[in-house]
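Content type PDB, C-alpha atoms, from the file data.pdb:
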```pdb
ATOM      1  CA  MET A   1      17.453 -16.056  -2.771  1.00  0.00           C
ATOM      2  CA  THR A   2      14.088 -15.129  -1.367  1.00  0.00           C
ATOM      3  CA  THR A   3      10.962 -17.127  -1.972  1.00  0.00           C
ATOM      4  CA  SER A   4       8.505 -14.592  -0.611  1.00  0.00           C
ATOM      5  CA  LEU A   5       5.727 -13.773  -3.084  1.00  0.00           C
ATOM      6  CA  PHE A   6       5.249 -10.247  -1.752  1.00  0.00           C
ATOM      7  CA  GLU A   7       8.084  -7.848  -1.198  1.00  0.00           C
ATOM      8  CA  ILE A   8       8.890  -4.210  -0.529  1.00  0.00           C
ATOM      9  CA  ILE A   9      12.465  -3.461  -1.529  1.00  0.00           C
ATOM     10  CA  ASP A  10      14.671  -0.384  -1.765  1.00  0.00           C
ATOM     11  CA  LYS A  11      16.672  -1.323  -4.859  1.00  0.00           C
ATOM     12  CA  SER A  12      15.945  -2.108  -8.518  1.00  0.00           C
ATOM     13  CA  ILE A  13      13.294  -4.749  -9.112  1.00  0.00           C
ATOM     14  CA  ASP A  14      14.368  -7.814 -11.066  1.00  0.00           C
ATOM     15  CA  VAL A  15      11.321  -8.408 -13.287  1.00  0.00           C
ATOM     16  CA  GLU A  16      12.375 -11.919 -14.221  1.00  0.00           C
ATOM     17  CA  GLU A  17      12.709 -12.892 -10.587  1.00  0.00           C
ATOM     18  CA  VAL A  18       9.101 -11.822  -9.912  1.00  0.00           C
ATOM     19  CA  ARG A  19       7.883 -13.711 -12.986  1.00  0.00           C
ATOM     20  CA  GLN A  20       9.653 -16.863 -11.901  1.00  0.00           C
ATOM     21  CA  LYS A  21       7.793 -16.866  -8.587  1.00  0.00           C
ATOM     22  CA  VAL A  22       4.489 -17.587 -10.348  1.00  0.00           C
ATOM     23  CA  THR A  23       5.858 -20.262 -12.671  1.00  0.00           C
ATOM     24  CA  ASP A  24       3.503 -23.225 -12.651  1.00  0.00           C
ATOM     25  CA  ARG A  25       3.397 -26.385 -14.741  1.00  0.00           C
ATOM     26  CA  ASN A  26      -0.343 -25.872 -15.217  1.00  0.00           C
ATOM     27  CA  ALA A  27       0.012 -22.263 -16.304  1.00  0.00           C
ATOM     28  CA  GLY A  28      -0.649 -21.431 -19.918  1.00  0.00           C
ATOM     29  CA  ALA A  29      -0.182 -17.705 -19.416  1.00  0.00           C
ATOM     30  CA  ILE A  30       1.755 -15.261 -17.299  1.00  0.00           C
ATOM     31  CA  THR A  31       0.958 -11.557 -17.315  1.00  0.00           C
ATOM     32  CA  VAL A  32       3.573  -9.180 -15.960  1.00  0.00           C
ATOM     33  CA  PHE A  33       2.561  -5.623 -15.161  1.00  0.00           C
ATOM     34  CA  ILE A  34       5.412  -3.141 -14.785  1.00  0.00           C
ATOM     35  CA  GLY A  35       4.602   0.226 -13.245  1.00  0.00           C
ATOM     36  CA  THR A  36       7.191   2.860 -14.152  1.00  0.00           C
ATOM     37  CA  VAL A  37       7.930   6.456 -13.201  1.00  0.00           C
ATOM     38  CA  ARG A  38       6.301   8.852 -15.683  1.00  0.00           C
ATOM     39  CA  GLU A  39       7.884  12.179 -16.530  1.00  0.00           C
ATOM     40  CA  MET A  40       4.858  14.236 -17.654  1.00  0.00           C
ATOM     41  CA  THR A  41       1.566  14.317 -15.727  1.00  0.00           C
ATOM     42  CA  LYS A  42      -1.046  16.801 -16.948  1.00  0.00           C
ATOM     43  CA  GLY A  43       1.639  19.049 -18.369  1.00  0.00           C
ATOM     44  CA  LYS A  44       3.743  18.997 -15.229  1.00  0.00           C
ATOM     45  CA  LYS A  45       7.268  17.635 -15.355  1.00  0.00           C
ATOM     46  CA  THR A  46       8.388  15.192 -12.693  1.00  0.00           C
ATOM     47  CA  LEU A  47      12.104  15.261 -11.911  1.00  0.00           C
ATOM     48  CA  HIS A  48      12.096  12.199  -9.687  1.00  0.00           C
ATOM     49  CA  LEU A  49       9.951  10.427  -7.100  1.00  0.00           C
ATOM     50  CA  GLU A  50      10.289   9.138  -3.617  1.00  0.00           C
ATOM     51  CA  TYR A  51       8.183   6.202  -2.464  1.00  0.00           C
ATOM     52  CA  GLN A  52       7.536   5.450   1.176  1.00  0.00           C
ATOM     53  CA  ALA A  53       5.732   2.415   2.592  1.00  0.00           C
ATOM     54  CA  TYR A  54       4.416   1.019   5.823  1.00  0.00           C
ATOM     55  CA  PRO A  55       6.143  -2.244   4.959  1.00  0.00           C
ATOM     56  CA  SER A  56       4.651  -4.728   7.412  1.00  0.00           C
ATOM     57  CA  MET A  57       1.092  -3.605   6.675  1.00  0.00           C
ATOM     58  CA  ALA A  58       1.767  -3.332   2.936  1.00  0.00           C
ATOM     59  CA  ILE A  59       2.788  -6.992   2.864  1.00  0.00           C
ATOM     60  CA  LYS A  60      -0.391  -7.901   4.750  1.00  0.00           C
ATOM     61  CA  MET A  61      -2.436  -5.979   2.191  1.00  0.00           C
ATOM     62  CA  PHE A  62      -0.663  -7.758  -0.678  1.00  0.00           C
ATOM     63  CA  GLU A  63      -1.697 -11.005   1.000  1.00  0.00           C
ATOM     64  CA  GLN A  64      -5.247  -9.688   1.318  1.00  0.00           C
ATOM     65  CA  ILE A  65      -5.278  -8.936  -2.425  1.00  0.00           C
ATOM     66  CA  CYS A  66      -3.965 -12.437  -3.064  1.00  0.00           C
ATOM     67  CA  LYS A  67      -6.820 -13.849  -1.020  1.00  0.00           C
ATOM     68  CA  GLU A  68      -9.367 -11.799  -2.958  1.00  0.00           C
ATOM     69  CA  ILE A  69      -7.863 -12.997  -6.242  1.00  0.00           C
ATOM     70  CA  GLN A  70      -8.009 -16.614  -5.120  1.00  0.00           C
ATOM     71  CA  GLU A  71     -11.694 -16.161  -4.316  1.00  0.00           C
ATOM     72  CA  ARG A  72     -12.383 -14.848  -7.830  1.00  0.00           C
ATOM     73  CA  TRP A  73      -9.824 -16.815  -9.843  1.00  0.00           C
ATOM     74  CA  PRO A  74      -8.849 -19.871  -7.793  1.00  0.00           C
ATOM     75  CA  GLU A  75      -6.281 -21.064 -10.311  1.00  0.00           C
ATOM     76  CA  ALA A  76      -4.371 -17.781 -10.523  1.00  0.00           C
ATOM     77  CA  LYS A  77      -1.000 -17.381  -8.829  1.00  0.00           C
ATOM     78  CA  LEU A  78       0.243 -13.929  -7.785  1.00  0.00           C
ATOM     79  CA  ALA A  79       3.534 -12.249  -6.921  1.00  0.00           C
ATOM     80  CA  ILE A  80       4.105  -8.540  -6.257  1.00  0.00           C
ATOM     81  CA  THR A  81       7.249  -6.522  -5.602  1.00  0.00           C
ATOM     82  CA  HIS A  82       7.061  -2.803  -4.896  1.00  0.00           C
ATOM     83  CA  ARG A  83      10.065  -0.526  -4.665  1.00  0.00           C
ATOM     84  CA  VAL A  84      10.531   2.304  -2.164  1.00  0.00           C
ATOM     85  CA  GLY A  85      13.044   5.123  -1.878  1.00  0.00           C
ATOM     86  CA  HIS A  86      14.351   7.436  -4.579  1.00  0.00           C
ATOM     87  CA  LEU A  87      13.239   6.586  -8.140  1.00  0.00           C
ATOM     88  CA  LYS A  88      14.256   8.219 -11.402  1.00  0.00           C
ATOM     89  CA  ILE A  89      12.134   8.684 -14.527  1.00  0.00           C
ATOM     90  CA  SER A  90      11.445   5.288 -16.178  1.00  0.00           C
ATOM     91  CA  ASP A  91      12.527   3.344 -13.100  1.00  0.00           C
ATOM     92  CA  ILE A  92      10.300   0.416 -12.193  1.00  0.00           C
ATOM     93  CA  ALA A  93       8.151   1.090  -9.138  1.00  0.00           C
ATOM     94  CA  VAL A  94       6.077  -2.088  -9.072  1.00  0.00           C
ATOM     95  CA  VAL A  95       5.978  -5.484 -10.754  1.00  0.00           C
ATOM     96  CA  ILE A  96       2.927  -7.747 -10.606  1.00  0.00           C
ATOM     97  CA  ALA A  97       3.079 -11.245 -12.064  1.00  0.00           C
ATOM     98  CA  VAL A  98       0.055 -13.502 -12.433  1.00  0.00           C
ATOM     99  CA  SER A  99       0.056 -16.989 -13.883  1.00  0.00           C
ATOM    100  CA  SER A 100      -3.039 -18.973 -14.778  1.00  0.00           C
ATOM    101  CA  PRO A 101      -4.100 -21.843 -17.030  1.00  0.00           C
ATOM    102  CA  HIS A 102      -5.607 -19.432 -19.582  1.00  0.00           C
ATOM    103  CA  ARG A 103      -4.718 -15.865 -20.552  1.00  0.00           C
ATOM    104  CA  LYS A 104      -8.008 -14.094 -19.790  1.00  0.00           C
ATOM    105  CA  MET A 105      -7.742 -14.889 -16.107  1.00  0.00           C
ATOM    106  CA  ALA A 106      -4.117 -13.738 -16.010  1.00  0.00           C
ATOM    107  CA  TYR A 107      -5.012 -10.369 -17.552  1.00  0.00           C
ATOM    108  CA  GLU A 108      -8.060  -9.838 -15.351  1.00  0.00           C
ATOM    109  CA  ALA A 109      -6.417 -10.852 -12.094  1.00  0.00           C
ATOM    110  CA  ASN A 110      -3.396  -8.686 -12.851  1.00  0.00           C
ATOM    111  CA  GLU A 111      -5.533  -5.607 -13.457  1.00  0.00           C
ATOM    112  CA  TYR A 112      -7.497  -6.381 -10.300  1.00  0.00           C
ATOM    113  CA  ALA A 113      -4.235  -6.491  -8.335  1.00  0.00           C
ATOM    114  CA  ILE A 114      -2.993  -3.063  -9.455  1.00  0.00           C
ATOM    115  CA  ASP A 115      -6.423  -1.523  -8.871  1.00  0.00           C
ATOM    116  CA  ARG A 116      -6.485  -2.872  -5.330  1.00  0.00           C
ATOM    117  CA  ILE A 117      -2.896  -1.795  -4.656  1.00  0.00           C
ATOM    118  CA  LYS A 118      -4.001   1.755  -5.363  1.00  0.00           C
ATOM    119  CA  GLN A 119      -6.864   1.373  -2.874  1.00  0.00           C
ATOM    120  CA  ILE A 120      -5.567  -0.498   0.139  1.00  0.00           C
ATOM    121  CA  VAL A 121      -1.779  -0.825   0.209  1.00  0.00           C
ATOM    122  CA  PRO A 122      -0.093   1.803   2.416  1.00  0.00           C
ATOM    123  CA  ILE A 123       2.485   3.173  -0.023  1.00  0.00           C
ATOM    124  CA  TRP A 124       2.943   6.850  -0.836  1.00  0.00           C
ATOM    125  CA  LYS A 125       4.795   8.717  -3.515  1.00  0.00           C
ATOM    126  CA  LYS A 126       6.262  12.165  -3.278  1.00  0.00           C
ATOM    127  CA  GLU A 127       6.570  14.068  -6.536  1.00  0.00           C
ATOM    128  CA  TYR A 128       9.568  16.306  -7.036  1.00  0.00           C
ATOM    129  CA  TRP A 129       8.817  18.926  -9.680  1.00  0.00           C
ATOM    130  CA  GLU A 130      10.886  21.829 -10.912  1.00  0.00           C
ATOM    131  CA  ASP A 131       8.823  24.173  -8.717  1.00  0.00           C
ATOM    132  CA  GLY A 132       8.209  22.115  -5.618  1.00  0.00           C
ATOM    133  CA  THR A 133       7.217  18.831  -4.050  1.00  0.00           C
ATOM    134  CA  GLU A 134       4.003  17.126  -2.998  1.00  0.00           C
ATOM    135  CA  TRP A 135       2.895  13.884  -1.419  1.00  0.00           C
ATOM    136  CA  ILE A 136       0.298  12.480  -3.808  1.00  0.00           C
ATOM    137  CA  GLY A 137      -2.897  10.828  -2.640  1.00  0.00           C
ATOM    138  CA  ASP A 138      -5.025   9.052  -5.212  1.00  0.00           C
ATOM    139  CA  GLN A 139      -7.656   7.298  -3.170  1.00  0.00           C
ATOM    140  CA  LEU A 140      -9.626  10.205  -1.699  1.00  0.00           C
ATOM    141  CA  GLU A 141     -12.802   8.968  -3.360  1.00  0.00           C
ATOM    142  CA  ASN A 142     -12.309   5.389  -2.294  1.00  0.00           C
ATOM    143  CA  VAL A 143     -12.782   3.410   0.844  1.00  0.00           C
ATOM    144  CA  PRO A 144     -10.330   0.657   1.707  1.00  0.00           C
ATOM    145  CA  TYR A 145     -12.909  -2.021   1.157  1.00  0.00           C
ATOM    146  CA  PRO A 146     -15.799  -1.569  -1.290  1.00  0.00           C
ATOM    147  CA  LYS A 147     -18.287  -3.167   1.085  1.00  0.00           C
ATOM    148  CA  GLY A 148     -17.137  -1.024   3.973  1.00  0.00           C
ATOM    149  CA  ASN A 149     -15.390  -3.776   5.804  1.00  0.00           C
ATOM    150  CA  PRO A 150     -12.569  -6.143   5.072  1.00  0.00           C
ATOM    151  CA  SER A 151     -13.885  -9.575   4.190  1.00  0.00           C
ATOM    152  CA  MET A 152     -11.693 -11.360   6.642  1.00  0.00           C
ATOM    153  CA  GLY A 153     -13.129 -14.801   6.075  1.00  0.00           C
ATOM    154  CA  GLU A 154     -11.284 -18.090   5.998  1.00  0.00           C
ATOM    155  CA  GLU A 155      -7.556 -17.638   5.881  1.00  0.00           C
ATOM    156  CA  GLU A 156      -6.037 -19.055   2.737  1.00  0.00           C
ATOM    157  CA  SER A 157      -2.387 -19.629   2.286  1.00  0.00           C
ATOM    158  CA  CYS A 158      -0.923 -16.903   0.155  1.00  0.00           C
ATOM    159  CA  ASP A 159       2.717 -17.430   0.920  1.00  0.00           C
TER     160      ASP A 159
ATOM    161  CA  MET B   1       1.250   3.759  26.121  1.00  0.00           C
ATOM    162  CA  ILE B   2       0.339   3.413  22.472  1.00  0.00           C
ATOM    163  CA  ASN B   3       2.489   3.781  19.391  1.00  0.00           C
ATOM    164  CA  ILE B   4       1.463   6.150  16.627  1.00  0.00           C
ATOM    165  CA  LEU B   5       3.019   5.801  13.168  1.00  0.00           C
ATOM    166  CA  LEU B   6       3.097   8.720  10.765  1.00  0.00           C
ATOM    167  CA  PHE B   7       3.742   8.669   7.045  1.00  0.00           C
ATOM    168  CA  ALA B   8       4.089  10.937   4.038  1.00  0.00           C
ATOM    169  CA  HIS B   9       3.060  14.565   4.632  1.00  0.00           C
ATOM    170  CA  LEU B  10       1.963  13.836   8.215  1.00  0.00           C
ATOM    171  CA  GLN B  11       5.464  12.653   9.032  1.00  0.00           C
ATOM    172  CA  GLU B  12       6.939  15.824   7.537  1.00  0.00           C
ATOM    173  CA  MET B  13       4.444  18.164   9.230  1.00  0.00           C
ATOM    174  CA  ILE B  14       4.917  16.674  12.671  1.00  0.00           C
ATOM    175  CA  GLY B  15       8.605  15.985  12.179  1.00  0.00           C
ATOM    176  CA  GLU B  16       8.431  12.481  13.617  1.00  0.00           C
ATOM    177  CA  SER B  17       7.748   9.061  12.125  1.00  0.00           C
ATOM    178  CA  LYS B  18       6.663   7.593  15.437  1.00  0.00           C
ATOM    179  CA  LEU B  19       5.066   8.920  18.598  1.00  0.00           C
ATOM    180  CA  CYS B  20       4.613   7.102  21.877  1.00  0.00           C
ATOM    181  CA  LEU B  21       1.647   8.486  23.780  1.00  0.00           C
ATOM    182  CA  ASP B  22      -0.325   7.842  26.901  1.00  0.00           C
ATOM    183  CA  LEU B  23      -3.671   7.464  25.091  1.00  0.00           C
ATOM    184  CA  ALA B  24      -4.579   3.833  25.701  1.00  0.00           C
ATOM    185  CA  ASP B  25      -8.309   3.015  25.923  1.00  0.00           C
ATOM    186  CA  HIS B  26      -9.279   5.922  23.693  1.00  0.00           C
ATOM    187  CA  THR B  27     -11.062   5.504  20.381  1.00  0.00           C
ATOM    188  CA  VAL B  28      -9.410   6.236  17.058  1.00  0.00           C
ATOM    189  CA  GLY B  29     -11.749   9.220  16.718  1.00  0.00           C
ATOM    190  CA  GLN B  30     -10.650  10.627  20.085  1.00  0.00           C
ATOM    191  CA  ILE B  31      -6.992  10.139  19.215  1.00  0.00           C
ATOM    192  CA  LYS B  32      -7.532  11.934  15.893  1.00  0.00           C
ATOM    193  CA  GLU B  33      -9.117  14.858  17.747  1.00  0.00           C
ATOM    194  CA  TRP B  34      -6.226  14.896  20.220  1.00  0.00           C
ATOM    195  CA  MET B  35      -3.719  14.958  17.344  1.00  0.00           C
ATOM    196  CA  GLU B  36      -5.534  17.793  15.597  1.00  0.00           C
ATOM    197  CA  THR B  37      -5.560  19.820  18.808  1.00  0.00           C
ATOM    198  CA  GLN B  38      -1.916  19.117  19.520  1.00  0.00           C
ATOM    199  CA  TYR B  39      -0.752  19.729  15.957  1.00  0.00           C
ATOM    200  CA  SER B  40      -2.950  22.490  14.583  1.00  0.00           C
ATOM    201  CA  GLN B  41      -1.538  22.150  11.060  1.00  0.00           C
ATOM    202  CA  VAL B  42      -2.714  18.542  10.837  1.00  0.00           C
ATOM    203  CA  ASN B  43      -6.045  17.558   9.290  1.00  0.00           C
ATOM    204  CA  LEU B  44      -6.975  13.909   9.684  1.00  0.00           C
ATOM    205  CA  GLN B  45     -10.318  14.094   7.897  1.00  0.00           C
ATOM    206  CA  HIS B  46      -9.266  12.122   4.813  1.00  0.00           C
ATOM    207  CA  VAL B  47      -6.808   9.981   6.675  1.00  0.00           C
ATOM    208  CA  MET B  48      -7.548   6.299   7.134  1.00  0.00           C
ATOM    209  CA  THR B  49      -6.398   4.538  10.252  1.00  0.00           C
ATOM    210  CA  ALA B  50      -4.931   1.138  10.917  1.00  0.00           C
ATOM    211  CA  VAL B  51      -4.668  -0.462  14.330  1.00  0.00           C
ATOM    212  CA  ASN B  52      -2.093  -3.232  14.495  1.00  0.00           C
ATOM    213  CA  GLU B  53      -1.884  -3.245  10.695  1.00  0.00           C
ATOM    214  CA  GLU B  54      -5.615  -3.715  10.104  1.00  0.00           C
ATOM    215  CA  PHE B  55      -7.845  -0.912   8.849  1.00  0.00           C
ATOM    216  CA  ALA B  56      -9.921   0.474  11.693  1.00  0.00           C
ATOM    217  CA  THR B  57     -12.823   2.881  12.124  1.00  0.00           C
ATOM    218  CA  ASP B  58     -13.118   5.959  14.325  1.00  0.00           C
ATOM    219  CA  ALA B  59     -14.981   3.796  16.852  1.00  0.00           C
ATOM    220  CA  THR B  60     -12.145   1.306  17.287  1.00  0.00           C
ATOM    221  CA  VAL B  61     -10.708   1.391  20.796  1.00  0.00           C
ATOM    222  CA  VAL B  62      -6.929   1.460  20.983  1.00  0.00           C
ATOM    223  CA  LYS B  63      -5.474  -0.631  23.796  1.00  0.00           C
ATOM    224  CA  LYS B  64      -2.214  -0.404  25.692  1.00  0.00           C
ATOM    225  CA  GLY B  65       0.680  -1.482  23.471  1.00  0.00           C
ATOM    226  CA  ASP B  66      -1.317  -1.163  20.234  1.00  0.00           C
ATOM    227  CA  THR B  67       0.157   0.485  17.190  1.00  0.00           C
ATOM    228  CA  ILE B  68      -2.056   2.975  15.425  1.00  0.00           C
ATOM    229  CA  ALA B  69      -1.016   4.180  11.982  1.00  0.00           C
ATOM    230  CA  PHE B  70      -2.466   7.184  10.223  1.00  0.00           C
ATOM    231  CA  ILE B  71      -2.713   6.356   6.541  1.00  0.00           C
ATOM    232  CA  PRO B  72      -2.983   9.463   4.364  1.00  0.00           C
ATOM    233  CA  PRO B  73      -4.436   8.988   0.868  1.00  0.00           C
ATOM    234  CA  ILE B  74      -2.178   6.403  -0.714  1.00  0.00           C
ATOM    235  CA  SER B  75      -0.465   6.514  -4.082  1.00  0.00           C
ATOM    236  CA  GLY B  76       1.378   3.272  -4.632  1.00  0.00           C
ATOM    237  CA  GLY B  77       1.686   1.417  -7.904  1.00  0.00           C
TER     238      GLY B  77
END
```

Target format C-alpha cells, applied to this file:
Amino acid sequence: MTTSLFEIIDKSIDVEEVRQKVTDRNAGAITVFIGTVREMTKGKKTLHLEYQAYPSMAIKMFEQICKEIQERWPEAKLAITHRVGHLKISDIAVVIAVSSPHRKMAYEANEYAIDRIKQIVPIWKKEYWEDGTEWIGDQLENVPYPKGNPSMGEEESCD
Amino acid sequence: MINILLFAHLQEMIGESKLCLDLADHTVGQIKEWMETQYSQVNLQHVMTAVNEEFATDATVVKKGDTIAFIPPISGG
C-alpha cells in the first residue's frame, strides 16, 4: 500500500483510499472532489478521453499546490490522485481530498486545488469525438503563477 | 547534449516524445526558435517551458544535461 499523498496512476482511482490519506483526529470535515469524464460539451459528444502527464513534474506541482494551501489554510491536509491513459465516459479522472478542523476551509482549499491543477499541473487530455480528435488546452489565458513567478519560499513538508 | 520532452499535440506532430540535441548553453527562447525552424508545423507561442521540472522563461539558459519540457496548454482535472 502506498502512502504517497500525490499520485499519477494508469488504473481506476480508489476514492476511499484517497480520502483515507487525509484522515486526521483533529479534522471535523473532509471534502472529496471527484472529476469525471463528461459526455456532452457544448453540444459535442465525447466518445472517450486519453490523459497524458509529465508525471515527475506533475507530482512536483501537486506538492507546490500543497505548499500554497498550507500557506493559506495551515490546518488543511491534502491528497490528490490523477489518472492517465484511456478513460471512458463517467470514469474518474481526478480525486482531491482535503481534511480540516472546520468545513469552510475544506471546501475552499479543495476548490483552490482543482483551480490550480488546471493552471500549473502538466496533464493533457485528448478528446475523441465522433468526427475527430483534439488535444485540449484550457489555460491559454493563464500564466503558471499569478504573480509571474513561482513563490519558491521556505520548503514545507508536503509528503 | 540536452534532453527535450514533448507532450500532447507536439509529441504527435514531431513523432517523438523525447529528443536529445546538441543545444546546451542556449536560452529557452533560442531553442524554441530552433524547434520552429526545424519543425515548420510547430508553433511554440502558447507553449510554456519547464527546465528540470521547474517552469522557466524564454531567458532561461539550458545547460548540458538539462531536461527541457515544452508544456502545451494543459487540461488536467

Item to check | chain A contacts to chain B at 9 Å (all atoms listed in the file) as a PyMOL selection string | outcome: chain A and resi 35-36+51-54+56-58+60-61+82+93-95+114-115+117-126+134-140+143-144+149-150

Item to check | Resolved residues for the PyMOL selection byres ((chain B and resi 24-34) around 12) as a ChimeraX atom specification | outcome: /B:1-4,20-23,35-40,42-51,55-71

Item to check | Atomic separation - CA of Ile8 in chain A relative to CA of Glu12 in chain B, Å | outcome: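 Between CA of Glu12 in chain B and CA of Ile8 in chain A the gap works out to 21.7 Å.
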
Next on the checklist: Can you spell out as a PyMOL selection string the set of residues that the PyMOL selection byres ((chain A and resi 23) around 12) selects in the structure I just provided?
Outcome noted: chain A and resi 5+16-22+24-32+76-79+97-101

Next on the checklist: Using all atoms listed in the file for the distances, tell me which of A:Thr46, A:Thr81, A:Ser90, A:Gln70 is nearest to Glu130 in chain A.
Outcome noted: A:Thr46

Item to check | For CA of Thr133 in chain A and CA of Arg116 in chain A, the interatomic separation in Å (one decimal) | outcome: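 Separation of CA of Thr133 in chain A and CA of Arg116 in chain A: 25.7 Å.
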
Next on the checklist: With the PyMOL selection byres ((chain A and resi 91) around 10) as the selection, what would be picked from this file? Answer as a PyMOL selection string, please.
Outcome noted: chain A and resi 12-13+34-38+48-49+83+86-90+92-94
